[in-house]
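Undergrad: Let me begin by handing over the structure; questions about it come next.
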Amino acid sequence: MLRPWYYSLVLDKDSPSSIHQQLIDHFRSMIEAGDWLGGSPLPSSRDIAQRLGINRKTVSRVYEELSAQGLIYTQPKRGTFVAETTKRASSADKVMAGQSQPSPAPLTETSNIESLIQKSSIHHLRRAALHLHKLRQADYDVTGLHHLKHLLANLLAHERRYLVPPEHIACGARHGLQQAILCNLDAAHGYVLIDAEFGTGLERALKKHGIPVMRLPEMACNQTQQFIDQVEKYCINFPVSAVWCDSSKIVSPDHLEAEHTLIAQKLSDYGLLLIDDQRSRLPLGLEHQPPLAAKYARSLLLGSLYGTFCEMFNICYVASNLGFTDKFLNEMDAHSQSPLLLNMLAQSDLIKRGEYKKLVTTIHRTMA
C-alpha cells in the first residue's frame with residue numbers, strides 16, 4: 001500500500017547518503033513498518049525514475065537489492081510487489097539472533113476500523129495514481145481541491161444542514177490547516193479561550209505564535225449554561241478574542257436549537273470568534289445535527305473525514321461563513337499541499353461514488 005505522498009518523495013541532494021542508499025532506506029522503512037502491506041504493487045522503475053528525475057538504472061539496482069533481501073518480488077508481465085512474508089521473516093531473524101519475540105498485538109476496534117478505511121481508500125488511490133502523470137502542478141487546485149471542496153459542501157449541506165459555499169472551504173493536512181488558522185489570529189485582540197478537553201499541544205502552538213491563552217475549567221457534556229457562564233466570566237475580567245471548543249459536546253441534542261441560540265447570542269455580545277474544532281469526530285452520524293457555525297456567522301468549523309482514525313488517508317477541512325482572509329490563504333499556500341494530491345483525488349472519487357457515506361456508516365456500526 002502506497003502512502004498518498006509517495007509520489008512526492010523528494011530526495012535530499014545535500015545528504016551524505018547516495019541516492020541509491022536513500023531509496024533503499026526509504027523502501028525498507030516503509031515495508032518493515034507495515035505501511036506498505038504485503039502484496040501491494042509497486043510502481044515501475046521507469047515511473048519512479050521519471051518522477052524523481054534520476055537514472056532508471058539506479059531504481060533497477062534498488063529493486064534488485066530489495067528483492068535479494070526478500071522485501072519485494074517481481075512477476076513477469078505483472079510487475080513488482082511487496083513480499084507477503086516480510087514481517088514474518090523479520091521476526092524470525094530476531095528470534096535466531098536471540099532476541100525475545102513479543103506476542104502479536106490482538107486485533108482492536110481501532111485496527112479493524114483503520115483496515116476498513118485502508119481497503120476502501122486504496123482502490124481509489126490506485127485509480128488516482130494511474131492518472132497522476134497527466135496532471136501538471138498548475139492543475140492541482142482545479143483537479144484536487146476543486147472537486148473535494150464541492151463534495152464537502154454538499155455533504156455538510158445535506159447531512160449537517162450547514163450551508164457554506166465551496167470557496168469558503170479549505171482542505172489540507174491537520175498541521176497545515178491549524179498553522180494557517182493560528183497565523184490568522186491577532187495576539188493584540190486578546191486571549192483565546194480553549195476547552196479543557198484539548199491537549200497541551202494546541203496550547204503550546206498558540207503560545208508559540210505569541211497568542212495569549214486561557215483554559216476553560218472542565219465541564220460535563222451538555223452543560224450549555226455552565227459554558228456560557230464561564231465564557232462571560234472571562235470576558236468580563238479579560239480581553240478575549242476567540243473561543244476554541246467542540247460545540248457538539250456542549251449542547252444537548254434535545255434542546256439543540258434553543259441552546260445554539262443562547263451560545264450564539266453570548267458570543268455575539270462580546271464579538272468573539274468561534275473556532276468549532278470537531279476534527280476528532282466523524283463528520284456524519286451526529287444525528288444530522290447542524291453545527292453551531294450554522295447559527296453563528298463569526299465561526300470556523302474544523303472537521304476531518306475520519307476523525308482520529310487512519311491518519312494516512314485522513315484529510316482535514318475548515319469551513320467559514322465569512323470566507324478567508326488573504327493572510328490565511330497565503331499561509332495555506334506556504335504549506336505546500338502537493339503531498340496530499342493523490343489522497344485528495346482518491347477521497348474525492350470515494351465521496352463522489354457514494355462509498356464514503358457507506359464507509360462511515362460501517363464505522364459507526366463497528367463502534368456500537
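For the C-alpha cells, the naming scheme is as follows: chains receive sequential letters (A, B, ...) according to their order of presentation, residues are indexed from 1 within each chain, and ligands are indexed from 1 in presentation order.
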Could you name the residues that touch Ser67 in chain A at 12 Å or less, counting only C-alpha atoms, but leaving out those on the same chain fewer than 4 positions away, as an MDAnalysis selection string?
TA: chainID A and resid 24 27:28 60:63 71:75 80:83 86
Undergrad: With C-alpha atoms retained, export the selected residues as a compact mmCIF listing (two decimals), in the first residue's frame.
TA:
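Final output, part_11.txt:
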# COMPACT_ATOMS: atom_id res chain seq x y z
CA ILE A 24 16.88 1.65 -0.17
CA PHE A 27 11.63 1.43 0.84
CA ARG A 28 12.91 -0.73 3.66
CA SER A 60 16.51 -1.03 -11.05
CA ARG A 61 19.52 -1.69 -8.78
CA VAL A 62 17.43 -0.66 -5.75
CA TYR A 63 14.71 -3.14 -6.73
CA LEU A 71 11.41 -7.45 0.81
CA ILE A 72 9.87 -7.38 -2.67
CA TYR A 73 9.37 -9.76 -5.59
CA THR A 74 8.78 -9.39 -9.33
CA GLN A 75 6.34 -11.31 -11.50
CA THR A 80 6.80 -5.68 -8.68
CA PHE A 81 5.06 -6.31 -5.35
CA VAL A 82 5.74 -6.08 -1.61
CA ALA A 83 6.61 -9.53 -0.23
CA THR A 86 8.33 -9.56 5.12
Undergrad: Using only C-alpha atoms, which residues sit within 7 Å of range 201-210 of chain A once same-chain residues fewer than 2 positions away are excluded, as a list in words?
TA: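 Using only C-alpha atoms, the neighbours found are Leu182, Ala187, Phe198, Gly199, Pro212 and Val213 of chain A.
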Undergrad: Ranking A:Gln22, A:Asn321, A:Ser15, A:Asn55 by minimum distance to Ile169 in chain A and counting only C-alpha atoms, which one comes first?
TA: A:Asn321
Undergrad: Can you tell me which residues surround range 314-316 of chain A at a distance of at most 6 Å, considering only C-alpha atoms, apart from same-chain residues fewer than 6 positions away, and format the answer as a ChimeraX atom specification?
TA: /A:171-174,303-306
Undergrad: Next, the residues of the selection above should be written as a tab-separated table (two decimals), in the first residue's frame with C-alpha atoms.
TA:
chain	number	residue	atom	x	y	z
A	171	CYS	CA	-8.70	21.39	2.77
A	172	GLY	CA	-5.32	20.11	3.80
A	173	ALA	CA	-3.25	18.30	6.38
A	174	ARG	CA	-4.11	18.68	10.05
A	303	GLY	CA	-13.52	18.79	10.69
A	304	SER	CA	-11.94	15.71	9.17
A	305	LEU	CA	-13.07	12.79	7.02
A	306	TYR	CA	-12.16	10.06	9.50
Undergrad: Could you pull the residues within 12 Å of Glu114 in chain A, counting only C-alpha atoms, minus those fewer than 2 positions along the same chain, as a PyMOL selection string?
TA: chain A and resi 107-112+116-122+306-314+359-360+362-363+366
Undergrad: With 12 Å as the cut-off and only C-alpha atoms counted, what is the closest atom pair between each nearby residue of range 277-300 of chain A and range 176-180 of chain A? Distances in Å to one decimal, ordered by chain and number, as a Markdown table.
TA:
| residue | atom | partner | partner_atom | distance |
| --- | --- | --- | --- | --- |
| A:Asp277 | CA | A:Gln178 | CA | 10.2 |
| A:Arg279 | CA | A:Gln178 | CA | 10.8 |
| A:Leu300 | CA | A:Gln178 | CA | 11.4 |
Undergrad: Write out as a list in words each polymer residue whose atoms come within 12 Å of Ala258 in chain A, counting only C-alpha atoms; drop sequence neighbours fewer than 5 positions from it.
TA: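 Counting only C-alpha atoms, the residues come to Thr224, Gln225, Val251, Ser252, Pro253, Ile263, Ala264, Gln265, Leu292 and Lys295 of chain A.
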Undergrad: Would you kindly return, as a PDB file with all heavy atoms, in the first residue's frame, each protein, DNA or RNA residue with an atom no farther than 8 Å from any atom of Leu11 in chain A, considering only C-alpha atoms and excluding same-chain residues fewer than 2 positions away?
TA:
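And here's out.pdb as it stands now:
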ATOM      1  N   LEU A   9       7.837  12.089  -3.121  1.00  0.00           N
ATOM      2  CA  LEU A   9       9.089  11.845  -2.425  1.00  0.00           C
ATOM      3  C   LEU A   9      10.192  12.736  -2.995  1.00  0.00           C
ATOM      4  O   LEU A   9      10.412  12.774  -4.196  1.00  0.00           O
ATOM      5  CB  LEU A   9       9.484  10.368  -2.585  1.00  0.00           C
ATOM      6  CG  LEU A   9      10.884   9.993  -2.088  1.00  0.00           C
ATOM      7  CD1 LEU A   9      10.958  10.150  -0.583  1.00  0.00           C
ATOM      8  CD2 LEU A   9      11.219   8.563  -2.491  1.00  0.00           C
ATOM      9  N   LYS A  13      19.469  16.040  -1.773  1.00  0.00           N
ATOM     10  CA  LYS A  13      20.725  16.096  -2.530  1.00  0.00           C
ATOM     11  C   LYS A  13      21.907  16.508  -1.672  1.00  0.00           C
ATOM     12  O   LYS A  13      23.056  16.289  -2.053  1.00  0.00           O
ATOM     13  CB  LYS A  13      20.559  17.058  -3.713  1.00  0.00           C
ATOM     14  CG  LYS A  13      19.521  16.592  -4.723  1.00  0.00           C
ATOM     15  CD  LYS A  13      19.415  17.548  -5.899  1.00  0.00           C
ATOM     16  CE  LYS A  13      18.401  17.046  -6.914  1.00  0.00           C
ATOM     17  NZ  LYS A  13      18.255  17.960  -8.070  1.00  0.00           N
ATOM     18  N   ILE A  19      21.913   8.575  -3.594  1.00  0.00           N
ATOM     19  CA  ILE A  19      20.513   8.437  -3.996  1.00  0.00           C
ATOM     20  C   ILE A  19      20.090   6.979  -3.871  1.00  0.00           C
ATOM     21  O   ILE A  19      18.985   6.670  -3.388  1.00  0.00           O
ATOM     22  CB  ILE A  19      20.322   8.940  -5.440  1.00  0.00           C
ATOM     23  CG1 ILE A  19      20.530  10.450  -5.499  1.00  0.00           C
ATOM     24  CG2 ILE A  19      18.938   8.564  -5.966  1.00  0.00           C
ATOM     25  CD1 ILE A  19      20.446  11.036  -6.893  1.00  0.00           C
ATOM     26  N   GLN A  22      19.474   6.257  -0.212  1.00  0.00           N
ATOM     27  CA  GLN A  22      18.259   6.920   0.278  1.00  0.00           C
ATOM     28  C   GLN A  22      17.013   6.158  -0.129  1.00  0.00           C
ATOM     29  O   GLN A  22      16.079   5.993   0.663  1.00  0.00           O
ATOM     30  CB  GLN A  22      18.194   8.355  -0.261  1.00  0.00           C
ATOM     31  CG  GLN A  22      19.203   9.307   0.364  1.00  0.00           C
ATOM     32  CD  GLN A  22      19.026  10.731  -0.135  1.00  0.00           C
ATOM     33  OE1 GLN A  22      17.930  11.279  -0.064  1.00  0.00           O
ATOM     34  NE2 GLN A  22      20.102  11.329  -0.642  1.00  0.00           N
ATOM     35  N   LEU A  52      11.294  11.253 -10.083  1.00  0.00           N
ATOM     36  CA  LEU A  52      12.368  11.791  -9.254  1.00  0.00           C
ATOM     37  C   LEU A  52      13.490  12.420 -10.071  1.00  0.00           C
ATOM     38  O   LEU A  52      14.405  13.019  -9.512  1.00  0.00           O
ATOM     39  CB  LEU A  52      12.945  10.679  -8.369  1.00  0.00           C
ATOM     40  CG  LEU A  52      11.979  10.050  -7.362  1.00  0.00           C
ATOM     41  CD1 LEU A  52      12.682   8.967  -6.560  1.00  0.00           C
ATOM     42  CD2 LEU A  52      11.383  11.104  -6.439  1.00  0.00           C
TER      43      LEU A  52
END
Undergrad: Kindly give the distance, in Å, that separates CA of Arg126 in chain A and CA of Asn343 in chain A, rounded to a single decimal.
TA: 10.0 Å
Undergrad: Here is a test: counting only C-alpha atoms, which residue of A:Glu65, A:Asp326, A:Asp47, A:Asp195 is nearest to Asp25 in chain A?
TA: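 Checking each candidate against Asp25 in chain A, we get A:Glu65 as the closest.
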Undergrad: What's the 10 Å shell around Leu284 in chain A, counting only C-alpha atoms, without same-chain residues fewer than 2 positions away, as a PyMOL selection string?
TA: chain A and resi 155-156+159-160+281-282+286-289+305-306+357+360-361+364
Undergrad: Could you save those same residues with all heavy atoms as a tab-separated table (two decimals), in the first residue's frame?
TA:
chain	number	residue	atom	x	y	z
A	155	LEU	N	-21.94	17.52	1.25
A	155	LEU	CA	-22.11	16.68	2.44
A	155	LEU	C	-22.58	17.49	3.64
A	155	LEU	O	-23.50	17.08	4.36
A	155	LEU	CB	-20.79	15.99	2.78
A	155	LEU	CG	-20.45	14.68	2.06
A	155	LEU	CD1	-19.08	14.19	2.49
A	155	LEU	CD2	-21.49	13.61	2.34
A	156	LEU	N	-21.94	18.63	3.88
A	156	LEU	CA	-22.31	19.47	5.02
A	156	LEU	C	-23.74	19.99	4.88
A	156	LEU	O	-24.48	20.11	5.86
A	156	LEU	CB	-21.33	20.64	5.15
A	156	LEU	CG	-19.91	20.29	5.61
A	156	LEU	CD1	-18.98	21.49	5.50
A	156	LEU	CD2	-19.92	19.76	7.04
A	159	GLU	N	-26.16	16.56	5.09
A	159	GLU	CA	-26.05	15.73	6.29
A	159	GLU	C	-26.04	16.55	7.59
A	159	GLU	O	-26.46	16.05	8.63
A	159	GLU	CB	-24.78	14.88	6.23
A	159	GLU	CG	-24.68	13.99	5.01
A	159	GLU	CD	-25.79	12.94	4.97
A	159	GLU	OE1	-26.27	12.54	6.04
A	159	GLU	OE2	-26.18	12.53	3.85
A	160	ARG	N	-25.55	17.79	7.53
A	160	ARG	CA	-25.46	18.60	8.76
A	160	ARG	C	-26.29	19.88	8.66
A	160	ARG	O	-26.27	20.69	9.59
A	160	ARG	CB	-23.99	18.97	9.03
A	160	ARG	CG	-23.03	17.81	9.19
A	160	ARG	CD	-23.26	17.02	10.45
A	160	ARG	NE	-23.16	17.83	11.65
A	160	ARG	CZ	-22.01	18.18	12.22
A	160	ARG	NH1	-20.87	17.78	11.71
A	160	ARG	NH2	-22.01	18.90	13.33
A	281	ARG	N	-13.96	13.98	15.56
A	281	ARG	CA	-15.23	13.27	15.39
A	281	ARG	C	-15.47	12.99	13.91
A	281	ARG	O	-15.00	13.72	13.04
A	281	ARG	CB	-16.39	14.11	15.95
A	281	ARG	CG	-16.19	14.53	17.39
A	281	ARG	CD	-17.21	15.56	17.81
A	281	ARG	NE	-18.54	15.01	17.93
A	281	ARG	CZ	-19.01	14.43	19.03
A	281	ARG	NH1	-18.25	14.34	20.10
A	281	ARG	NH2	-20.22	13.95	19.07
A	282	LEU	N	-16.22	11.93	13.64
A	282	LEU	CA	-16.63	11.66	12.27
A	282	LEU	C	-17.65	12.72	11.87
A	282	LEU	O	-18.54	13.06	12.66
A	282	LEU	CB	-17.25	10.27	12.16
A	282	LEU	CG	-16.27	9.11	12.39
A	282	LEU	CD1	-17.03	7.79	12.57
A	282	LEU	CD2	-15.30	8.98	11.24
A	286	LEU	N	-23.78	12.45	13.49
A	286	LEU	CA	-24.10	13.25	14.68
A	286	LEU	C	-25.60	13.54	14.71
A	286	LEU	O	-26.04	14.65	15.03
A	286	LEU	CB	-23.31	14.56	14.67
A	286	LEU	CG	-21.79	14.43	14.79
A	286	LEU	CD1	-21.14	15.79	14.65
A	286	LEU	CD2	-21.41	13.80	16.10
A	287	GLU	N	-26.38	12.50	14.39
A	287	GLU	CA	-27.84	12.62	14.36
A	287	GLU	C	-28.28	13.78	13.47
A	287	GLU	O	-29.29	14.44	13.73
A	287	GLU	CB	-28.40	12.82	15.79
A	287	GLU	CG	-28.00	11.73	16.76
A	287	GLU	CD	-28.48	10.35	16.34
A	287	GLU	OE1	-29.50	10.28	15.64
A	287	GLU	OE2	-27.83	9.36	16.71
A	288	HIS	N	-27.49	14.03	12.40
A	288	HIS	CA	-27.78	15.10	11.44
A	288	HIS	C	-27.89	16.45	12.13
A	288	HIS	O	-28.67	17.32	11.73
A	288	HIS	CB	-29.07	14.80	10.68
A	288	HIS	CG	-28.99	13.53	9.87
A	288	HIS	ND1	-28.38	13.48	8.65
A	288	HIS	CD2	-29.44	12.28	10.13
A	288	HIS	CE1	-28.45	12.25	8.17
A	288	HIS	NE2	-29.07	11.50	9.05
A	289	GLN	N	-27.16	16.64	13.22
A	289	GLN	CA	-27.19	17.91	13.93
A	289	GLN	C	-26.42	18.98	13.16
A	289	GLN	O	-25.27	18.75	12.77
A	289	GLN	CB	-26.56	17.77	15.33
A	289	GLN	CG	-27.29	16.83	16.25
A	289	GLN	CD	-26.54	16.67	17.56
A	289	GLN	OE1	-25.58	17.37	17.82
A	289	GLN	NE2	-26.99	15.75	18.39
A	305	LEU	N	-12.30	13.87	7.63
A	305	LEU	CA	-13.07	12.79	7.02
A	305	LEU	C	-13.21	11.59	7.94
A	305	LEU	O	-14.24	10.92	7.95
A	305	LEU	CB	-12.42	12.36	5.70
A	305	LEU	CG	-12.45	13.36	4.55
A	305	LEU	CD1	-11.86	12.73	3.29
A	305	LEU	CD2	-13.87	13.83	4.27
A	306	TYR	N	-12.16	11.29	8.72
A	306	TYR	CA	-12.16	10.06	9.50
A	306	TYR	C	-11.87	10.26	10.98
A	306	TYR	O	-11.48	9.31	11.66
A	306	TYR	CB	-11.14	9.08	8.90
A	306	TYR	CG	-11.46	8.70	7.48
A	306	TYR	CD1	-10.60	9.06	6.44
A	306	TYR	CD2	-12.62	8.02	7.14
A	306	TYR	CE1	-10.89	8.73	5.13
A	306	TYR	CE2	-12.92	7.69	5.84
A	306	TYR	CZ	-12.05	8.05	4.83
A	306	TYR	OH	-12.36	7.72	3.53
A	357	LYS	N	-20.11	7.59	2.51
A	357	LYS	CA	-21.20	7.52	3.50
A	357	LYS	C	-21.40	6.09	3.97
A	357	LYS	O	-21.67	5.84	5.15
A	357	LYS	CB	-22.48	8.09	2.90
A	357	LYS	CG	-22.45	9.60	2.72
A	357	LYS	CD	-23.67	10.11	2.00
A	357	LYS	CE	-24.93	9.89	2.79
A	357	LYS	NZ	-26.11	10.49	2.12
A	360	VAL	N	-18.57	5.34	6.47
A	360	VAL	CA	-18.77	5.96	7.79
A	360	VAL	C	-19.87	5.23	8.55
A	360	VAL	O	-19.77	5.03	9.76
A	360	VAL	CB	-19.10	7.46	7.64
A	360	VAL	CG1	-19.47	8.06	8.99
A	360	VAL	CG2	-17.92	8.21	7.05
A	361	THR	N	-20.93	4.81	7.84
A	361	THR	CA	-22.00	4.03	8.48
A	361	THR	C	-21.45	2.73	9.05
A	361	THR	O	-21.79	2.32	10.17
A	361	THR	CB	-23.12	3.72	7.47
A	361	THR	OG1	-23.65	4.95	6.97
A	361	THR	CG2	-24.24	2.94	8.13
A	364	HIS	N	-19.50	3.40	12.23
A	364	HIS	CA	-20.38	3.61	13.38
A	364	HIS	C	-20.90	2.27	13.92
A	364	HIS	O	-21.01	2.08	15.14
A	364	HIS	CB	-21.54	4.52	13.00
A	364	HIS	CG	-21.21	5.98	13.03
A	364	HIS	ND1	-20.88	6.64	14.17
A	364	HIS	CD2	-21.13	6.89	12.02
A	364	HIS	CE1	-20.62	7.92	13.88
A	364	HIS	NE2	-20.76	8.09	12.59
Undergrad: Counting only C-alpha atoms, which of A:Leu151, A:Met214, A:Met219, A:Ala128 gets nearest to Leu193 in chain A?
TA: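 Closest candidate: A:Met214.
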Undergrad: Under the rule that only C-alpha atoms are counted, which of A:His150, A:Arg298, A:His20, A:Lys77 is the nearest residue to Leu274 in chain A?
TA: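 Among the listed residues, A:Arg298 lies closest to Leu274 in chain A.
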